[in-house]
file model_9.cif (mmCIF, N, CA and C atoms)
data_final
loop_
_atom_site.label_atom_id
_atom_site.label_comp_id
_atom_site.auth_asym_id
_atom_site.auth_seq_id
_atom_site.Cartn_x
_atom_site.Cartn_y
_atom_site.Cartn_z
N MET A 153 -27.69 -14.54 80.08
CA MET A 153 -28.12 -15.83 80.58
C MET A 153 -29.64 -15.95 80.43
N LYS A 154 -30.09 -17.14 80.12
CA LYS A 154 -31.53 -17.38 80.01
C LYS A 154 -32.09 -17.84 81.35
N TYR A 155 -33.30 -17.39 81.62
CA TYR A 155 -34.04 -17.79 82.82
C TYR A 155 -35.44 -18.22 82.41
N LEU A 156 -35.92 -19.29 83.02
CA LEU A 156 -37.30 -19.73 82.84
C LEU A 156 -38.09 -19.24 84.04
N MET A 157 -39.16 -18.52 83.77
CA MET A 157 -40.03 -18.02 84.83
C MET A 157 -41.31 -18.83 84.79
N LEU A 158 -41.63 -19.47 85.90
CA LEU A 158 -42.85 -20.27 86.02
C LEU A 158 -43.83 -19.54 86.93
N ILE A 159 -45.00 -19.30 86.42
CA ILE A 159 -46.02 -18.59 87.18
C ILE A 159 -46.90 -19.64 87.85
N LYS A 160 -46.92 -19.63 89.17
CA LYS A 160 -47.67 -20.63 89.93
C LYS A 160 -48.78 -19.97 90.72
N ASN A 161 -49.92 -20.61 90.71
CA ASN A 161 -51.07 -20.11 91.47
C ASN A 161 -52.06 -21.24 91.66
N SER A 162 -53.03 -21.01 92.51
CA SER A 162 -54.11 -21.96 92.70
C SER A 162 -54.95 -22.03 91.43
N GLU A 163 -55.36 -23.21 91.07
CA GLU A 163 -56.18 -23.35 89.86
C GLU A 163 -57.55 -22.69 90.06
N ALA A 164 -57.91 -22.39 91.30
CA ALA A 164 -59.18 -21.72 91.58
C ALA A 164 -59.27 -20.37 90.89
N PHE A 165 -58.11 -19.73 90.63
CA PHE A 165 -58.14 -18.43 89.98
C PHE A 165 -58.64 -18.51 88.53
N ARG A 166 -58.69 -19.72 87.95
CA ARG A 166 -59.22 -19.87 86.60
C ARG A 166 -60.71 -19.53 86.54
N ALA A 167 -61.38 -19.64 87.69
CA ALA A 167 -62.81 -19.35 87.73
C ALA A 167 -63.09 -17.85 87.75
N GLU A 168 -62.05 -17.06 88.04
CA GLU A 168 -62.22 -15.61 88.09
C GLU A 168 -61.83 -15.00 86.74
N PRO A 169 -62.58 -14.02 86.30
CA PRO A 169 -62.15 -13.33 85.07
C PRO A 169 -60.90 -12.50 85.34
N VAL A 170 -59.98 -12.53 84.38
CA VAL A 170 -58.77 -11.73 84.51
C VAL A 170 -59.15 -10.27 84.24
N PRO A 171 -58.83 -9.37 85.13
CA PRO A 171 -59.19 -7.96 84.93
C PRO A 171 -58.59 -7.40 83.63
N GLN A 172 -59.39 -6.63 82.91
CA GLN A 172 -58.95 -6.05 81.65
C GLN A 172 -57.72 -5.15 81.84
N ALA A 173 -57.66 -4.45 82.97
CA ALA A 173 -56.51 -3.59 83.24
C ALA A 173 -55.22 -4.41 83.30
N LEU A 174 -55.29 -5.62 83.86
CA LEU A 174 -54.12 -6.49 83.90
C LEU A 174 -53.76 -6.95 82.50
N MET A 175 -54.75 -7.33 81.71
CA MET A 175 -54.49 -7.76 80.34
C MET A 175 -53.82 -6.65 79.54
N ASP A 176 -54.30 -5.43 79.70
CA ASP A 176 -53.72 -4.29 78.99
C ASP A 176 -52.28 -4.04 79.43
N ALA A 177 -52.05 -4.06 80.74
CA ALA A 177 -50.71 -3.81 81.27
C ALA A 177 -49.75 -4.93 80.84
N MET A 178 -50.23 -6.17 80.85
CA MET A 178 -49.41 -7.30 80.42
C MET A 178 -49.08 -7.18 78.93
N GLY A 179 -50.04 -6.74 78.14
CA GLY A 179 -49.80 -6.56 76.71
C GLY A 179 -48.67 -5.56 76.46
N GLU A 180 -48.68 -4.47 77.21
CA GLU A 180 -47.62 -3.46 77.07
C GLU A 180 -46.27 -4.02 77.50
N LEU A 181 -46.24 -4.74 78.63
CA LEU A 181 -45.01 -5.33 79.13
C LEU A 181 -44.44 -6.35 78.15
N VAL A 182 -45.27 -7.23 77.65
CA VAL A 182 -44.83 -8.26 76.72
C VAL A 182 -44.32 -7.64 75.43
N THR A 183 -45.05 -6.68 74.89
CA THR A 183 -44.62 -6.02 73.65
C THR A 183 -43.27 -5.35 73.84
N ARG A 184 -43.13 -4.59 74.92
CA ARG A 184 -41.87 -3.89 75.18
C ARG A 184 -40.70 -4.86 75.32
N ASN A 185 -40.92 -5.95 76.04
CA ASN A 185 -39.82 -6.88 76.28
C ASN A 185 -39.50 -7.76 75.07
N PHE A 186 -40.47 -8.02 74.21
CA PHE A 186 -40.14 -8.69 72.94
C PHE A 186 -39.33 -7.74 72.06
N GLN A 187 -39.72 -6.47 72.03
CA GLN A 187 -39.02 -5.50 71.20
C GLN A 187 -37.58 -5.26 71.66
N ASN A 188 -37.34 -5.23 72.97
CA ASN A 188 -35.98 -4.98 73.44
C ASN A 188 -35.14 -6.26 73.53
N GLY A 189 -35.73 -7.40 73.19
CA GLY A 189 -34.99 -8.65 73.13
C GLY A 189 -34.88 -9.41 74.42
N THR A 190 -35.46 -8.89 75.50
CA THR A 190 -35.40 -9.57 76.79
C THR A 190 -36.28 -10.81 76.81
N LEU A 191 -37.49 -10.69 76.30
CA LEU A 191 -38.45 -11.78 76.32
C LEU A 191 -38.29 -12.63 75.07
N LYS A 192 -38.11 -13.92 75.26
CA LYS A 192 -37.91 -14.84 74.14
C LYS A 192 -39.15 -15.64 73.81
N ASP A 193 -39.92 -15.98 74.83
CA ASP A 193 -41.15 -16.76 74.62
C ASP A 193 -42.00 -16.63 75.87
N THR A 194 -43.29 -16.75 75.70
CA THR A 194 -44.20 -16.68 76.84
C THR A 194 -45.49 -17.39 76.48
N GLY A 195 -46.23 -17.83 77.48
CA GLY A 195 -47.51 -18.46 77.21
C GLY A 195 -48.22 -18.84 78.49
N GLY A 196 -49.51 -18.92 78.38
CA GLY A 196 -50.34 -19.41 79.48
C GLY A 196 -50.65 -20.88 79.22
N LEU A 197 -50.96 -21.60 80.26
CA LEU A 197 -51.26 -23.02 80.14
C LEU A 197 -52.75 -23.26 80.35
N LEU A 198 -53.26 -24.25 79.66
CA LEU A 198 -54.65 -24.65 79.84
C LEU A 198 -54.81 -25.33 81.20
N PRO A 199 -56.04 -25.54 81.66
CA PRO A 199 -56.25 -26.16 82.97
C PRO A 199 -55.58 -27.53 83.08
N SER A 200 -55.21 -27.90 84.29
CA SER A 200 -54.56 -29.21 84.50
C SER A 200 -55.48 -30.36 84.11
N SER A 201 -56.78 -30.12 84.05
CA SER A 201 -57.71 -31.18 83.64
C SER A 201 -57.45 -31.63 82.20
N GLU A 202 -56.77 -30.80 81.43
CA GLU A 202 -56.46 -31.16 80.05
C GLU A 202 -55.05 -31.73 79.90
N GLY A 203 -54.35 -31.88 81.01
CA GLY A 203 -52.98 -32.39 80.96
C GLY A 203 -52.85 -33.76 81.58
N PHE A 204 -51.62 -34.21 81.67
CA PHE A 204 -51.31 -35.50 82.30
C PHE A 204 -49.88 -35.44 82.82
N LYS A 205 -49.56 -36.39 83.69
CA LYS A 205 -48.21 -36.52 84.24
C LYS A 205 -47.70 -37.92 83.92
N VAL A 206 -46.44 -38.02 83.58
CA VAL A 206 -45.77 -39.31 83.41
C VAL A 206 -44.70 -39.37 84.49
N ARG A 207 -44.79 -40.37 85.34
CA ARG A 207 -43.89 -40.47 86.49
C ARG A 207 -43.07 -41.75 86.40
N SER A 208 -41.80 -41.65 86.75
CA SER A 208 -40.91 -42.81 86.83
C SER A 208 -40.61 -43.06 88.30
N ALA A 209 -40.97 -44.25 88.78
CA ALA A 209 -40.69 -44.64 90.16
C ALA A 209 -40.65 -46.16 90.22
N ASN A 210 -39.73 -46.68 91.00
CA ASN A 210 -39.60 -48.13 91.15
C ASN A 210 -39.49 -48.84 89.80
N ARG A 211 -38.75 -48.23 88.90
CA ARG A 211 -38.50 -48.77 87.56
C ARG A 211 -39.77 -48.98 86.74
N LYS A 212 -40.82 -48.21 87.06
CA LYS A 212 -42.08 -48.28 86.32
C LYS A 212 -42.51 -46.87 85.93
N LEU A 213 -43.21 -46.77 84.83
CA LEU A 213 -43.82 -45.50 84.43
C LEU A 213 -45.30 -45.56 84.72
N THR A 214 -45.82 -44.48 85.30
CA THR A 214 -47.26 -44.37 85.50
C THR A 214 -47.71 -43.06 84.86
N VAL A 215 -48.91 -43.10 84.31
CA VAL A 215 -49.51 -41.93 83.69
C VAL A 215 -50.74 -41.55 84.50
N THR A 216 -50.80 -40.27 84.87
CA THR A 216 -51.94 -39.75 85.63
C THR A 216 -52.56 -38.62 84.83
N ASP A 217 -53.84 -38.76 84.52
CA ASP A 217 -54.55 -37.69 83.84
C ASP A 217 -54.96 -36.62 84.84
N GLY A 218 -55.00 -35.36 84.36
CA GLY A 218 -55.45 -34.26 85.19
C GLY A 218 -56.94 -34.35 85.40
N PRO A 219 -57.52 -33.59 86.28
CA PRO A 219 -56.88 -32.52 87.04
C PRO A 219 -56.04 -33.09 88.18
N PHE A 220 -55.11 -32.28 88.63
CA PHE A 220 -54.18 -32.69 89.67
C PHE A 220 -54.62 -32.08 90.99
N SER A 221 -55.65 -32.66 91.57
CA SER A 221 -56.27 -32.09 92.77
C SER A 221 -55.34 -32.11 93.97
N GLU A 222 -54.32 -32.98 93.95
CA GLU A 222 -53.40 -33.03 95.08
C GLU A 222 -52.46 -31.82 95.11
N SER A 223 -52.40 -31.11 94.02
CA SER A 223 -51.50 -29.95 93.94
C SER A 223 -52.17 -28.71 94.51
N LYS A 224 -51.47 -28.02 95.42
CA LYS A 224 -51.99 -26.76 95.93
C LYS A 224 -51.82 -25.66 94.89
N GLU A 225 -50.73 -25.74 94.15
CA GLU A 225 -50.46 -24.75 93.11
C GLU A 225 -50.15 -25.47 91.81
N ILE A 226 -50.53 -24.86 90.72
CA ILE A 226 -50.21 -25.38 89.40
C ILE A 226 -49.41 -24.32 88.66
N VAL A 227 -48.69 -24.76 87.65
CA VAL A 227 -48.00 -23.81 86.79
C VAL A 227 -49.05 -23.28 85.81
N GLY A 228 -49.29 -21.98 85.86
CA GLY A 228 -50.32 -21.38 85.02
C GLY A 228 -49.77 -20.75 83.75
N GLY A 229 -48.47 -20.54 83.72
CA GLY A 229 -47.85 -19.94 82.54
C GLY A 229 -46.35 -19.88 82.70
N TYR A 230 -45.70 -19.43 81.65
CA TYR A 230 -44.25 -19.38 81.67
C TYR A 230 -43.75 -18.22 80.82
N ALA A 231 -42.52 -17.87 81.05
CA ALA A 231 -41.82 -16.90 80.20
C ALA A 231 -40.35 -17.30 80.17
N MET A 232 -39.75 -17.19 79.01
CA MET A 232 -38.31 -17.39 78.86
C MET A 232 -37.71 -16.02 78.59
N VAL A 233 -36.78 -15.61 79.45
CA VAL A 233 -36.14 -14.31 79.27
C VAL A 233 -34.63 -14.52 79.12
N GLU A 234 -34.00 -13.56 78.48
CA GLU A 234 -32.54 -13.56 78.38
C GLU A 234 -32.05 -12.21 78.87
N VAL A 235 -31.32 -12.26 79.97
CA VAL A 235 -30.84 -11.04 80.62
C VAL A 235 -29.37 -11.22 80.99
N ALA A 236 -28.74 -10.12 81.38
CA ALA A 236 -27.30 -10.14 81.67
C ALA A 236 -26.98 -10.66 83.07
N SER A 237 -27.96 -10.63 83.99
CA SER A 237 -27.63 -10.98 85.37
C SER A 237 -28.86 -11.48 86.13
N ARG A 238 -28.57 -12.08 87.28
CA ARG A 238 -29.63 -12.53 88.19
C ARG A 238 -30.49 -11.34 88.61
N GLU A 239 -29.86 -10.21 88.84
CA GLU A 239 -30.57 -9.01 89.27
C GLU A 239 -31.59 -8.58 88.21
N GLU A 240 -31.23 -8.67 86.94
CA GLU A 240 -32.17 -8.32 85.88
C GLU A 240 -33.32 -9.31 85.81
N ALA A 241 -33.04 -10.59 86.06
CA ALA A 241 -34.11 -11.59 86.10
C ALA A 241 -35.05 -11.30 87.25
N LEU A 242 -34.50 -10.92 88.39
CA LEU A 242 -35.33 -10.56 89.55
C LEU A 242 -36.18 -9.35 89.24
N ARG A 243 -35.60 -8.35 88.60
CA ARG A 243 -36.36 -7.14 88.24
C ARG A 243 -37.53 -7.51 87.33
N ALA A 244 -37.29 -8.39 86.35
CA ALA A 244 -38.35 -8.79 85.43
C ALA A 244 -39.47 -9.53 86.16
N ALA A 245 -39.11 -10.42 87.05
CA ALA A 245 -40.11 -11.17 87.81
C ALA A 245 -40.91 -10.24 88.72
N ARG A 246 -40.23 -9.32 89.38
CA ARG A 246 -40.93 -8.36 90.26
C ARG A 246 -41.88 -7.48 89.46
N GLU A 247 -41.45 -7.04 88.29
CA GLU A 247 -42.31 -6.19 87.45
C GLU A 247 -43.57 -6.96 87.03
N PHE A 248 -43.39 -8.21 86.63
CA PHE A 248 -44.52 -9.04 86.23
C PHE A 248 -45.50 -9.25 87.39
N MET A 249 -44.97 -9.61 88.55
CA MET A 249 -45.83 -9.87 89.70
C MET A 249 -46.46 -8.59 90.23
N ASP A 250 -45.76 -7.46 90.09
CA ASP A 250 -46.32 -6.19 90.54
C ASP A 250 -47.54 -5.80 89.71
N LEU A 251 -47.54 -6.14 88.42
CA LEU A 251 -48.73 -5.87 87.61
C LEU A 251 -49.93 -6.62 88.18
N HIS A 252 -49.70 -7.86 88.61
CA HIS A 252 -50.79 -8.62 89.23
C HIS A 252 -51.25 -7.97 90.54
N ARG A 253 -50.29 -7.55 91.36
CA ARG A 253 -50.62 -6.93 92.64
C ARG A 253 -51.47 -5.69 92.44
N VAL A 254 -51.12 -4.88 91.45
CA VAL A 254 -51.81 -3.62 91.21
C VAL A 254 -53.16 -3.84 90.54
N HIS A 255 -53.19 -4.66 89.51
CA HIS A 255 -54.39 -4.78 88.67
C HIS A 255 -55.32 -5.94 89.02
N TRP A 256 -54.87 -6.85 89.89
CA TRP A 256 -55.71 -7.98 90.31
C TRP A 256 -55.39 -8.25 91.78
N PRO A 257 -55.82 -7.35 92.66
CA PRO A 257 -55.43 -7.41 94.08
C PRO A 257 -55.77 -8.73 94.78
N SER A 258 -56.79 -9.45 94.34
CA SER A 258 -57.14 -10.70 95.01
C SER A 258 -56.26 -11.87 94.57
N PHE A 259 -55.49 -11.70 93.50
CA PHE A 259 -54.64 -12.77 92.98
C PHE A 259 -53.54 -13.09 93.98
N GLU A 260 -53.32 -14.39 94.19
CA GLU A 260 -52.21 -14.86 95.00
C GLU A 260 -51.45 -15.90 94.20
N GLY A 261 -50.17 -15.71 94.08
CA GLY A 261 -49.35 -16.65 93.34
C GLY A 261 -47.90 -16.28 93.47
N GLU A 262 -47.08 -16.98 92.72
CA GLU A 262 -45.65 -16.73 92.77
C GLU A 262 -45.02 -16.95 91.41
N CYS A 263 -43.88 -16.36 91.23
CA CYS A 263 -43.10 -16.52 90.01
C CYS A 263 -41.78 -17.19 90.40
N GLU A 264 -41.64 -18.45 90.04
CA GLU A 264 -40.39 -19.17 90.29
C GLU A 264 -39.45 -18.90 89.12
N VAL A 265 -38.25 -18.46 89.41
CA VAL A 265 -37.29 -18.10 88.38
C VAL A 265 -36.09 -19.03 88.49
N ARG A 266 -35.80 -19.71 87.35
CA ARG A 266 -34.71 -20.69 87.33
C ARG A 266 -33.76 -20.42 86.18
N PRO A 267 -32.46 -20.35 86.44
CA PRO A 267 -31.51 -20.20 85.34
C PRO A 267 -31.51 -21.46 84.48
N VAL A 268 -31.36 -21.27 83.19
CA VAL A 268 -31.34 -22.38 82.24
C VAL A 268 -29.88 -22.80 82.04
N ALA A 269 -29.62 -24.09 82.17
CA ALA A 269 -28.25 -24.61 82.01
C ALA A 269 -27.83 -24.52 80.56
N ASP A 270 -26.60 -24.10 80.35
CA ASP A 270 -26.03 -24.12 79.01
C ASP A 270 -25.63 -25.54 78.68
N MET A 271 -26.04 -26.00 77.53
CA MET A 271 -25.70 -27.37 77.13
C MET A 271 -24.75 -27.35 75.96
#

call {"tool": "encode", "arguments": {"input": "model_9.cif", "output": "structure tokens"}}
result
Amino acid sequence: MKYLMLIKNSEAFRAEPVPQALMDAMGELVTRNFQNGTLKDTGGLLPSSEGFKVRSANRKLTVTDGPFSESKEIVGGYAMVEVASREEALRAAREFMDLHRVHWPSFEGECEVRPVADM
């Protein structure tokens, strides 16, 4: 089953340099998981100031340019994984977030994990 993992954090963390130890550990994790076929795609997102939202409400569309200051958390990145079970998806998310805990102790965020519907 495929799962989409959304990495959410305060945009304030963009002002902090990402520790090199985290970058190195992430590089190893990403390489290993691409090689074993678990990881299908991954990427970080640019600041919300470079994005926009299109909203449908009251039969009208509105476009709002970033930054999205009303948001406490933004999606900072994503990963698409394919695993056999929910437990494996949880293990992958915990491993990813544990790298942050160990190598960037001041980082606060979350990894939202959602199963992808088969169409």

call {"tool": "atom_distance", "arguments": {"input": "model_9.cif", "atom1": "atom CA of A:Gly196", "atom2": "atom N of A:Ala209"}}
result
28.1 Å

call {"tool": "residues_near_point", "arguments": {"input": "model_9.cif", "point": "(-54.8, -21.1, 78.3)", "cutoff": "10 Å", "atoms": "only C-alpha atoms", "output": "list in words"}}
result
Arg166, Gly195, Gly196, Leu197, Leu198, Pro199, Gly228 and Gly229 of chain A

call {"tool": "select_by_dssp", "arguments": {"input": "model_9.cif", "residues": "stretch 166-201 of chain A", "states": "helix (DSSP H, G or I)", "output": "list in words"}}
result
Arg166, Ala167, Gln172, Ala173, Leu174, Met175, Asp176, Ala177, Met178, Gly179, Glu180, Leu181, Val182, Thr183, Arg184, Asn185, Phe186, Gln187, Ser200 and Ser201 of chain A

call {"tool": "residues_near_point", "arguments": {"input": "model_9.cif", "point": "(-29.6, -11.9, 88.1)", "cutoff": "10 Å", "atoms": "only C-alpha atoms", "output": "list in words"}}
result
Met153, Lys154, Tyr155, Val235, Ala236, Ser237, Arg238, Glu239, Glu240, Ala241, Leu242, Arg243, Ala244, Val265 and Pro267 of chain A

call {"tool": "resolve_selection", "arguments": {"input": "model_9.cif", "expression": "the PyMOL selection byres ((chain A and resi 251-262) around 7)", "output": "PyMOL selection string"}}
result
chain A and resi 158-162+171+173-174+177-178+246-250+263-264

call {"tool": "closest_residue", "arguments": {"input": "model_9.cif", "among": "A:Gly203, A:Pro169, A:Gly189, A:Gly179", "to": "A:Asp217", "atoms": "all atoms listed in the file"}}
result
A:Gly203

call {"tool": "atom_distance", "arguments": {"input": "model_9.cif", "atom1": "atom CA of A:Met175", "atom2": "atom C of A:Thr190"}}
result
18.8 Å

call {"tool": "resolve_selection", "arguments": {"input": "model_9.cif", "expression": "the PyMOL selection byres ((chain A and resi 224) around 6.5)", "output": "list in words"}}
result
Asn161, Ser162, Glu163, Ser221, Glu222, Ser223, Glu225 and Ile226 of chain A

call {"tool": "atom_distance", "arguments": {"input": "model_9.cif", "atom1": "atom N of A:Glu202", "atom2": "atom N of A:Thr216"}}
result
11.7 Å

call {"tool": "closest_residue", "arguments": {"input": "model_9.cif", "among": "A:Arg211, A:Ala167, A:Arg184, A:Ser200", "to": "A:Val227", "atoms": "only N, CA and C atoms"}}
result
A:Ser200

call {"tool": "decode", "arguments": {"input": "model_9.cif", "residues": "stretch 260-271 of chain A", "atoms": "all heavy atoms", "output": "CSV table (one decimal), in the first residue's frame"}}
result
chain,number,residue,atom,x,y,z
A,260,GLU,N,10.9,21.1,16.0
A,260,GLU,CA,9.6,20.7,16.4
A,260,GLU,C,8.7,20.6,15.2
A,260,GLU,O,8.6,21.5,14.4
A,260,GLU,CB,9.0,21.6,17.4
A,260,GLU,CG,9.7,21.6,18.8
A,260,GLU,CD,9.0,22.5,19.8
A,260,GLU,OE1,7.9,22.9,19.6
A,260,GLU,OE2,9.6,22.7,20.9
A,261,GLY,N,8.1,19.4,15.0
A,261,GLY,CA,7.3,19.2,13.9
A,261,GLY,C,6.6,17.9,13.9
A,261,GLY,O,6.7,17.2,14.9
A,262,GLU,N,5.9,17.5,12.9
A,262,GLU,CA,5.2,16.2,12.9
A,262,GLU,C,5.2,15.7,11.5
A,262,GLU,O,5.4,16.4,10.5
A,262,GLU,CB,3.8,16.4,13.4
A,262,GLU,CG,2.9,17.2,12.5
A,262,GLU,CD,1.5,17.4,13.1
A,262,GLU,OE1,1.4,17.4,14.3
A,262,GLU,OE2,0.6,17.6,12.3
A,263,CYS,N,5.0,14.4,11.4
A,263,CYS,CA,4.9,13.7,10.1
A,263,CYS,C,3.5,13.1,10.1
A,263,CYS,O,3.1,12.2,10.8
A,263,CYS,CB,5.9,12.6,10.0
A,263,CYS,SG,5.9,11.7,8.5
A,264,GLU,N,2.6,13.7,9.2
A,264,GLU,CA,1.3,13.2,9.0
A,264,GLU,C,1.4,12.1,7.9
A,264,GLU,O,1.9,12.3,6.8
A,264,GLU,CB,0.4,14.3,8.6
A,264,GLU,CG,-1.1,13.8,8.3
A,264,GLU,CD,-2.0,14.9,7.9
A,264,GLU,OE1,-1.7,16.1,8.3
A,264,GLU,OE2,-3.0,14.6,7.3
A,265,VAL,N,0.8,10.9,8.2
A,265,VAL,CA,0.9,9.8,7.3
A,265,VAL,C,-0.5,9.4,6.9
A,265,VAL,O,-1.4,9.1,7.7
A,265,VAL,CB,1.6,8.6,8.0
A,265,VAL,CG1,1.7,7.4,7.0
A,265,VAL,CG2,3.0,9.0,8.5
A,266,ARG,N,-0.7,9.4,5.6
A,266,ARG,CA,-2.0,9.1,5.0
A,266,ARG,C,-2.0,8.0,4.0
A,266,ARG,O,-1.2,8.1,3.0
A,266,ARG,CB,-2.6,10.4,4.4
A,266,ARG,CG,-2.6,11.6,5.3
A,266,ARG,CD,-3.9,11.7,6.1
A,266,ARG,NE,-5.1,11.7,5.3
A,266,ARG,CZ,-5.6,12.8,4.8
A,266,ARG,NH1,-5.1,14.0,5.0
A,266,ARG,NH2,-6.7,12.7,4.1
A,267,PRO,N,-2.8,7.0,4.1
A,267,PRO,CA,-2.9,6.0,3.0
A,267,PRO,C,-3.4,6.6,1.7
A,267,PRO,O,-4.3,7.5,1.8
A,267,PRO,CB,-3.8,4.9,3.6
A,267,PRO,CG,-4.5,5.5,4.7
A,267,PRO,CD,-3.7,6.7,5.2
A,268,VAL,N,-2.9,6.2,0.6
A,268,VAL,CA,-3.3,6.7,-0.7
A,268,VAL,C,-4.4,5.7,-1.2
A,268,VAL,O,-4.2,4.5,-1.2
A,268,VAL,CB,-2.1,6.7,-1.7
A,268,VAL,CG1,-2.6,7.2,-3.1
A,268,VAL,CG2,-1.0,7.7,-1.1
A,269,ALA,N,-5.5,6.3,-1.6
A,269,ALA,CA,-6.6,5.5,-2.1
A,269,ALA,C,-6.3,4.9,-3.5
A,269,ALA,O,-5.7,5.6,-4.4
A,269,ALA,CB,-7.9,6.4,-2.3
A,270,ASP,N,-6.6,3.7,-3.7
A,270,ASP,CA,-6.5,3.0,-5.0
A,270,ASP,C,-7.6,3.5,-5.9
A,270,ASP,O,-8.7,3.5,-5.5
A,270,ASP,CB,-6.5,1.5,-4.8
A,270,ASP,CG,-5.3,0.9,-4.1
A,270,ASP,OD1,-4.2,1.5,-4.3
A,270,ASP,OD2,-5.5,-0.1,-3.4
A,271,MET,N,-7.2,3.9,-7.0
A,271,MET,CA,-8.2,4.4,-8.0
A,271,MET,C,-8.3,3.5,-9.2
A,271,MET,O,-7.5,2.9,-9.7
A,271,MET,CB,-7.9,5.8,-8.5
A,271,MET,CG,-7.9,6.8,-7.4
A,271,MET,SD,-9.5,7.2,-6.9
A,271,MET,CE,-9.3,8.3,-5.7
